[in-house]
>>> print(open('query_3.cif').read())   # mmCIF, C-alpha atoms
data_query
loop_
_atom_site.label_atom_id
_atom_site.label_comp_id
_atom_site.auth_asym_id
_atom_site.auth_seq_id
_atom_site.Cartn_x
_atom_site.Cartn_y
_atom_site.Cartn_z
CA MET C 1 -41.71 -87.10 69.14
CA SER C 2 -40.23 -90.46 68.15
CA SER C 3 -36.82 -90.39 66.46
CA VAL C 4 -36.66 -90.89 62.67
CA THR C 5 -34.16 -93.32 61.21
CA ARG C 6 -31.90 -92.27 58.33
CA ARG C 7 -33.01 -95.27 56.30
CA GLY C 8 -36.65 -94.46 56.78
CA PHE C 9 -36.18 -90.80 55.92
CA LEU C 10 -34.35 -91.59 52.67
CA GLY C 11 -36.91 -94.15 51.53
CA ALA C 12 -38.13 -93.42 47.98
CA GLY C 13 -41.60 -93.67 46.44
CA PRO C 14 -44.80 -94.02 48.44
CA ILE C 15 -42.97 -95.26 51.53
CA GLY C 16 -40.73 -92.19 51.51
CA ILE C 17 -43.70 -89.87 51.06
CA MET C 18 -45.57 -91.53 53.91
CA GLY C 19 -42.48 -91.20 56.09
CA ALA C 20 -42.18 -87.50 55.34
CA ALA C 21 -45.86 -86.99 56.16
CA ALA C 22 -45.45 -88.89 59.41
CA LEU C 23 -42.51 -86.70 60.35
CA ALA C 24 -44.41 -83.52 59.59
CA SER C 25 -47.35 -84.62 61.72
CA GLY C 26 -45.20 -85.71 64.63
CA GLY C 27 -45.72 -89.39 63.89
CA TRP C 28 -43.18 -92.19 63.60
CA ILE C 29 -41.60 -94.32 60.88
CA ASP C 30 -41.46 -98.10 61.02
CA GLU C 31 -37.79 -98.99 61.35
CA GLY C 32 -38.47 -102.37 59.77
CA VAL C 33 -39.33 -100.93 56.33
CA ASP C 34 -36.44 -101.32 53.86
CA GLY C 35 -35.50 -98.45 51.57
CA PRO C 36 -34.19 -98.72 48.00
CA THR C 37 -31.05 -100.70 47.24
CA ILE C 38 -28.20 -98.22 46.83
CA SER C 39 -24.62 -98.91 45.77
CA ASP C 40 -21.98 -98.52 48.46
CA LYS C 41 -20.26 -96.01 46.15
CA PHE C 42 -23.30 -93.72 45.85
CA PRO C 43 -23.21 -90.76 45.27
CA THR C 44 -19.94 -91.46 43.42
CA THR C 45 -20.54 -92.41 39.77
CA ALA C 46 -20.21 -96.14 39.16
CA ASP C 47 -17.01 -97.17 37.38
CA ASP C 48 -18.84 -98.97 34.59
CA ARG C 49 -20.90 -95.85 33.82
CA ALA C 50 -17.81 -93.67 33.55
CA ARG C 51 -16.07 -96.22 31.36
CA GLU C 52 -19.06 -96.59 29.05
CA PHE C 53 -19.49 -92.86 28.69
CA VAL C 54 -15.85 -92.12 27.96
CA GLY C 55 -15.92 -94.96 25.42
CA ALA C 56 -19.06 -93.56 23.78
CA CYS C 57 -17.46 -90.13 23.44
CA HIS C 58 -15.05 -91.55 20.86
CA PHE C 59 -17.82 -91.70 18.21
CA ARG C 60 -21.28 -92.72 19.55
CA ILE C 61 -23.05 -89.37 19.65
CA ASP C 62 -26.54 -90.81 20.18
CA ARG C 63 -25.40 -92.76 23.22
CA VAL C 64 -23.63 -89.65 24.53
CA ARG C 65 -26.90 -87.70 24.35
CA GLU C 66 -28.83 -90.54 26.05
CA MET C 67 -26.43 -90.83 28.94
CA LEU C 68 -26.17 -87.07 29.47
CA ALA C 69 -29.96 -86.87 29.60
CA GLU C 70 -29.77 -89.31 32.53
CA ASP C 71 -26.77 -87.69 34.23
CA GLY C 72 -25.26 -84.44 32.97
CA GLY C 73 -22.31 -84.85 35.34
CA LEU C 74 -20.92 -87.57 33.10
CA SER C 75 -19.62 -84.78 30.84
CA LYS C 76 -16.70 -84.40 33.25
CA SER C 77 -16.02 -88.10 33.72
CA SER C 78 -12.71 -89.86 33.11
CA TRP C 79 -11.42 -93.41 32.92
CA ASP C 80 -8.05 -95.14 33.34
CA TRP C 81 -7.58 -97.50 30.40
CA GLY C 82 -4.54 -99.04 32.02
CA PHE C 83 -1.33 -98.12 33.88
CA GLY C 84 -2.56 -94.57 34.49
CA ASP C 85 -3.64 -93.77 30.93
CA TRP C 86 -6.46 -91.53 32.14
CA GLU C 87 -8.82 -90.21 29.49
CA THR C 88 -11.60 -87.68 29.99
CA ALA C 89 -14.83 -87.69 28.02
CA ILE C 90 -13.79 -84.53 26.19
CA GLY C 91 -10.33 -86.02 25.67
CA ALA C 92 -11.89 -88.98 23.88
CA ALA C 93 -13.94 -86.71 21.61
CA SER C 94 -10.90 -84.51 20.97
CA HIS C 95 -8.42 -87.09 19.70
CA THR C 96 -11.08 -88.66 17.46
CA GLY C 97 -12.08 -85.32 15.92
CA GLN C 98 -15.67 -85.48 17.20
CA THR C 99 -16.36 -81.75 17.20
CA GLU C 100 -20.13 -82.13 17.68
CA ILE C 101 -19.61 -84.35 20.72
CA ILE C 102 -17.15 -81.77 22.06
CA ARG C 103 -19.82 -79.07 21.70
CA ILE C 104 -22.40 -81.18 23.54
CA LEU C 105 -19.97 -81.98 26.35
CA VAL C 106 -19.03 -78.32 26.84
CA GLU C 107 -22.73 -77.42 26.99
CA HIS C 108 -22.99 -79.87 29.90
CA GLY C 109 -19.98 -78.49 31.76
CA ALA C 110 -17.00 -80.40 30.34
CA ARG C 111 -13.65 -78.63 30.64
CA PRO C 112 -11.83 -78.06 27.33
CA THR C 113 -8.08 -78.73 27.25
CA LEU C 114 -5.18 -77.70 25.05
CA PHE C 115 -5.88 -80.81 22.96
CA THR C 116 -9.52 -79.80 22.57
CA MET C 117 -8.39 -76.40 21.33
CA ALA C 118 -6.10 -78.07 18.79
CA THR C 119 -8.94 -80.25 17.50
CA LEU C 120 -11.21 -77.21 17.16
CA ASP C 121 -8.51 -75.20 15.30
CA GLU C 122 -8.46 -72.54 18.01
CA ILE C 123 -5.06 -71.24 16.96
CA ASP C 124 -4.89 -68.31 19.39
CA ALA C 125 -5.48 -70.55 22.39
CA VAL C 126 -3.00 -73.17 21.22
CA ARG C 127 -0.31 -70.59 20.43
CA SER C 128 -0.81 -68.84 23.75
CA VAL C 129 -0.33 -72.03 25.77
CA ILE C 130 2.66 -73.28 23.81
CA GLU C 131 4.44 -69.93 23.93
CA ASN C 132 3.75 -69.28 27.61
CA VAL C 133 3.89 -72.70 29.26
CA PRO C 134 7.33 -74.36 29.11
CA GLY C 135 7.16 -77.83 27.53
CA ALA C 136 3.51 -77.57 26.55
CA GLY C 137 4.24 -78.34 22.90
CA ALA C 138 5.59 -81.75 23.85
CA LEU C 139 2.63 -82.75 26.02
CA GLU C 140 0.70 -85.84 25.00
CA GLY C 141 -3.00 -86.57 25.17
CA PRO C 142 -4.58 -89.89 26.15
CA HIS C 143 -2.91 -93.01 24.72
CA SER C 144 0.23 -90.90 24.03
CA ILE C 145 -1.51 -89.17 21.10
CA SER C 146 0.32 -85.99 20.12
CA LEU C 147 -1.05 -82.48 19.91
CA TYR C 148 -0.34 -82.63 16.17
CA ASP C 149 -2.50 -85.73 15.71
CA HIS C 150 -5.34 -84.07 17.61
CA ALA C 151 -5.20 -81.22 15.10
CA ARG C 152 -5.15 -83.72 12.24
CA ALA C 153 -8.22 -85.48 13.65
CA GLY C 154 -10.10 -82.16 13.65
CA LYS C 155 -8.75 -81.08 10.24
CA ALA C 156 -7.49 -77.99 12.03
CA GLU C 157 -5.53 -76.31 9.24
CA ARG C 158 -4.39 -73.23 11.17
CA VAL C 159 -3.13 -75.24 14.13
CA LEU C 160 -1.40 -77.74 11.85
CA ALA C 161 0.37 -74.93 9.98
CA TYR C 162 1.51 -73.43 13.29
CA LEU C 163 2.73 -76.77 14.66
CA ASP C 164 4.66 -77.34 11.44
CA THR C 165 6.71 -74.26 12.34
CA LYS C 166 7.43 -75.89 15.72
CA GLY C 167 8.79 -79.13 14.29
CA GLY C 168 5.70 -80.72 12.80
CA ARG C 169 4.40 -84.15 13.61
CA PRO C 170 6.52 -86.03 16.16
CA PRO C 171 7.79 -89.52 15.28
CA ASN C 172 5.61 -92.56 15.96
CA ASP C 173 7.32 -94.07 19.00
CA PHE C 174 5.21 -97.23 18.84
CA ARG C 175 6.11 -98.36 15.32
CA VAL C 176 8.47 -101.34 15.06
CA GLU C 177 9.10 -104.21 12.68
CA LYS C 178 7.09 -107.32 13.46
CA SER C 179 10.28 -109.36 13.56
CA PHE C 180 11.42 -107.19 16.47
CA GLY C 181 8.42 -108.35 18.49
CA GLU C 182 8.97 -112.07 17.97
CA THR C 183 11.16 -112.14 21.05
CA TYR C 184 8.27 -111.00 23.25
CA PHE C 185 5.09 -112.48 21.73
CA GLY C 186 3.43 -114.98 24.06
CA ALA C 187 1.58 -115.35 27.36
CA TYR C 188 2.98 -114.42 30.77
CA ALA C 189 1.20 -115.62 33.92
CA TRP C 190 1.52 -114.79 37.61
CA GLY C 191 -1.17 -117.20 38.82
CA PRO C 192 -3.40 -120.10 37.73
CA GLY C 193 -6.50 -118.04 36.93
CA ALA C 194 -7.57 -117.42 33.34
CA ASP C 195 -7.23 -113.67 33.91
CA GLU C 196 -3.94 -113.85 35.83
CA ARG C 197 -1.85 -113.28 32.76
CA PHE C 198 -0.74 -110.84 30.09
CA ASP C 199 -0.84 -111.70 26.40
CA VAL C 200 1.75 -109.97 24.22
CA SER C 201 0.92 -109.91 20.52
CA TRP C 202 1.15 -107.91 17.29
CA PHE C 203 -1.13 -104.97 16.50
CA GLU C 204 -1.17 -104.86 12.72
CA LYS C 205 -2.89 -101.51 12.25
CA GLY C 206 -0.40 -99.66 14.43
CA SER C 207 2.66 -101.77 13.53
CA SER C 208 3.29 -102.11 17.23
CA ILE C 209 3.59 -104.60 20.06
CA SER C 210 0.48 -104.93 22.20
CA LEU C 211 -0.07 -106.13 25.77
CA LYS C 212 -3.46 -107.23 27.07
CA ARG C 213 -4.87 -108.74 30.23
CA PRO C 214 -8.04 -110.82 29.58
CA GLY C 215 -11.12 -108.67 30.15
CA HIS C 216 -9.19 -105.43 29.75
CA VAL C 217 -8.28 -103.15 26.86
CA ALA C 218 -5.06 -103.86 24.96
CA ARG C 219 -2.23 -101.37 25.47
CA ASN C 220 0.28 -100.66 22.71
CA LEU C 221 3.89 -100.56 23.87
CA ILE C 222 6.65 -98.01 23.28
CA PRO C 223 10.10 -99.67 23.07
CA LEU C 224 12.70 -98.04 25.30
CA GLY C 225 15.64 -100.33 24.60
CA ALA C 226 17.23 -103.06 26.73
CA HIS C 227 13.94 -105.06 26.60
CA ALA C 228 12.02 -102.29 28.38
CA PHE C 229 8.71 -100.75 27.24
CA SER C 230 6.20 -98.11 28.29
CA PRO C 231 2.45 -98.61 27.74
CA ALA C 232 0.43 -96.10 25.73
CA GLY C 233 -0.38 -93.00 27.75
CA ALA C 234 1.89 -94.05 30.61
CA ARG C 235 5.50 -93.12 29.88
CA HIS C 236 6.14 -93.12 33.62
CA VAL C 237 5.69 -96.93 33.63
CA ARG C 238 8.58 -99.22 32.67
CA LEU C 239 7.73 -102.82 31.79
CA LEU C 240 10.81 -105.06 31.68
CA PHE C 241 11.22 -108.41 29.92
CA GLU C 242 13.88 -110.89 30.96
CA VAL C 243 15.30 -112.49 27.82
CA ALA C 244 17.30 -115.68 27.36
CA GLY C 245 18.56 -116.32 23.86
CA ASP C 246 15.89 -115.20 21.40
CA LEU C 247 12.88 -115.43 23.73
CA ALA C 248 11.59 -113.49 26.71
CA THR C 249 11.18 -115.70 29.76
CA SER C 250 9.39 -113.31 32.12
CA LEU C 251 7.79 -109.89 32.40
CA THR C 252 8.10 -107.54 35.38
CA VAL C 253 5.27 -105.04 35.80
CA PRO C 254 5.65 -102.26 38.40
CA ARG C 255 2.78 -101.62 40.83
CA PRO C 256 2.44 -99.37 43.88
CA GLU C 257 2.02 -102.54 45.98
CA GLY C 258 5.22 -104.05 44.60
CA ASP C 259 6.47 -105.39 41.29
CA LEU C 260 4.47 -108.16 39.63
CA LEU C 261 6.52 -110.96 38.04
CA ALA C 262 4.80 -112.89 35.25
CA THR C 263 6.48 -115.93 33.73
CA ARG C 264 6.14 -117.09 30.12
CA VAL C 265 3.76 -120.07 29.86
#
>>> encode(input="query_3.cif", output="structure tokens")
Amino acid sequence: MSSVTRRGFLGAGPIGIMGAAALASGGWIDEGVDGPTISDKFPTTADDRAREFVGACHFRIDRVREMLAEDGGLSKSSWDWGFGDWETAIGAASHTGQTEIIRILVEHGARPTLFTMATLDEIDAVRSVIENVPGAGALEGPHSISLYDHARAGKAERVLAYLDTKGGRPPNDFRVEKSFGETYFGAYAWGPGADERFDVSWFEKGSSISLKRPGHVARNLIPLGAHAFSPAGARHVRLLFEVAGDLATSLTVPRPEGDLLATRV
């Protein structure tokens, strides 16, 4: 019997069917016939699909249903919005109080978290984790959103009452006066390309300083003192501005490959 090529065997549609029949009958497959175009990442989910789905889980329930009908595995997807601020699909639905989206995701295999339980007002689960796991009460969800704010998003009265006995809502670490940010507002580039830069500006709704690379999502910044900041959802990252007088002159961004120095332009 002639050997069968992998490409020929995986061919879809009529060609694939013919190939299978040829194999069963002891025939051969033409090695010159091209199969379908498949991404190099297949069977890994494409990044843009994961990003779209996690984004949809914030509030677009119809799109969530459509995408799950195409691929139920998306229920467990996650996305890094920047600097290691990983957010799962169920995490997105949890901090926005989307209880119906949470239900749909769980039906498709998503894994509920402590923050999901807070959103759903599952007081026994929340109490059990906090009282048995050291430091659990201080854990943050995606974008550095507190457990308390997850409960607020879900109007979870029992969980809110319990968290009030544990200290209540933590302070907003992002909030600063706009005048404080004047030192840092501007563009910082590390190359000539239009996307080789960070823009630092004011986020009015959150009363916070925001950093954004063109084509990416803006990240609000937590001031640490001494001109250092951490991005939302990434307290392990320390961004450092060099300041001369009243203006920052450069921005150092840590990376695994080595620090990136961006200069004010």
>>> closest_residue(input="query_3.cif", among="C:Asp40, C:Gly137, C:His95, C:Ser78", to="Glu52 in chain C", atoms="all atoms listed in the file")
C:Ser78
>>> atom_distance(input="query_3.cif", atom1="CA of Thr183 in chain C", atom2="CA of Asp195 in chain C")
22.5 Å
>>> residues_around(input="query_3.cif", residues="range 49-51 of chain C", least_positions_apart="3", cutoff="9 Å", atoms="only C-alpha atoms", output="list in words")
Thr45, Ala46, Val54, Gly55, Ala56, Met67, Leu74, Ser77, Ser78, Trp79, Asp80, Trp81 and Ala89 of chain C
>>> atom_distance(input="query_3.cif", atom1="CA of Ile209 in chain C", atom2="CA of Gly181 in chain C")
6.3 Å
>>> residues_around(input="query_3.cif", residues="Thr99 in chain C", least_positions_apart="5", cutoff="9 Å", atoms="all atoms listed in the file", output="list in words")
Ala93, Ser94, Ile104, Thr116, Thr119, Leu120 and Gly154 of chain C
>>> atom_distance(input="query_3.cif", atom1="CA of Asp71 in chain C", atom2="CA of Asp48 in chain C")
13.8 Å
>>> residues_around(input="query_3.cif", residues="Gly97 in chain C", least_positions_apart="5", cutoff="12 Å", atoms="only C-alpha atoms", output="VMD selection string")
chain C and resid 57 to 59 90 to 92 102 to 103 115 to 121 149 to 156
>>> resolve_selection(input="query_3.cif", expression="the PyMOL selection byres ((chain C and resi 169) around 10)", output="list of chain:residue names")
C:Ser146, C:Leu147, C:Tyr148, C:Asp149, C:Arg152, C:Leu160, C:Leu163, C:Asp164, C:Lys166, C:Gly167, C:Gly168, C:Pro170, C:Pro171, C:Asn172
>>> closest_residue(input="query_3.cif", among="C:Trp86, C:Phe42, C:Trp202, C:Phe53", to="Tyr184 in chain C", atoms="all atoms listed in the file")
C:Trp202
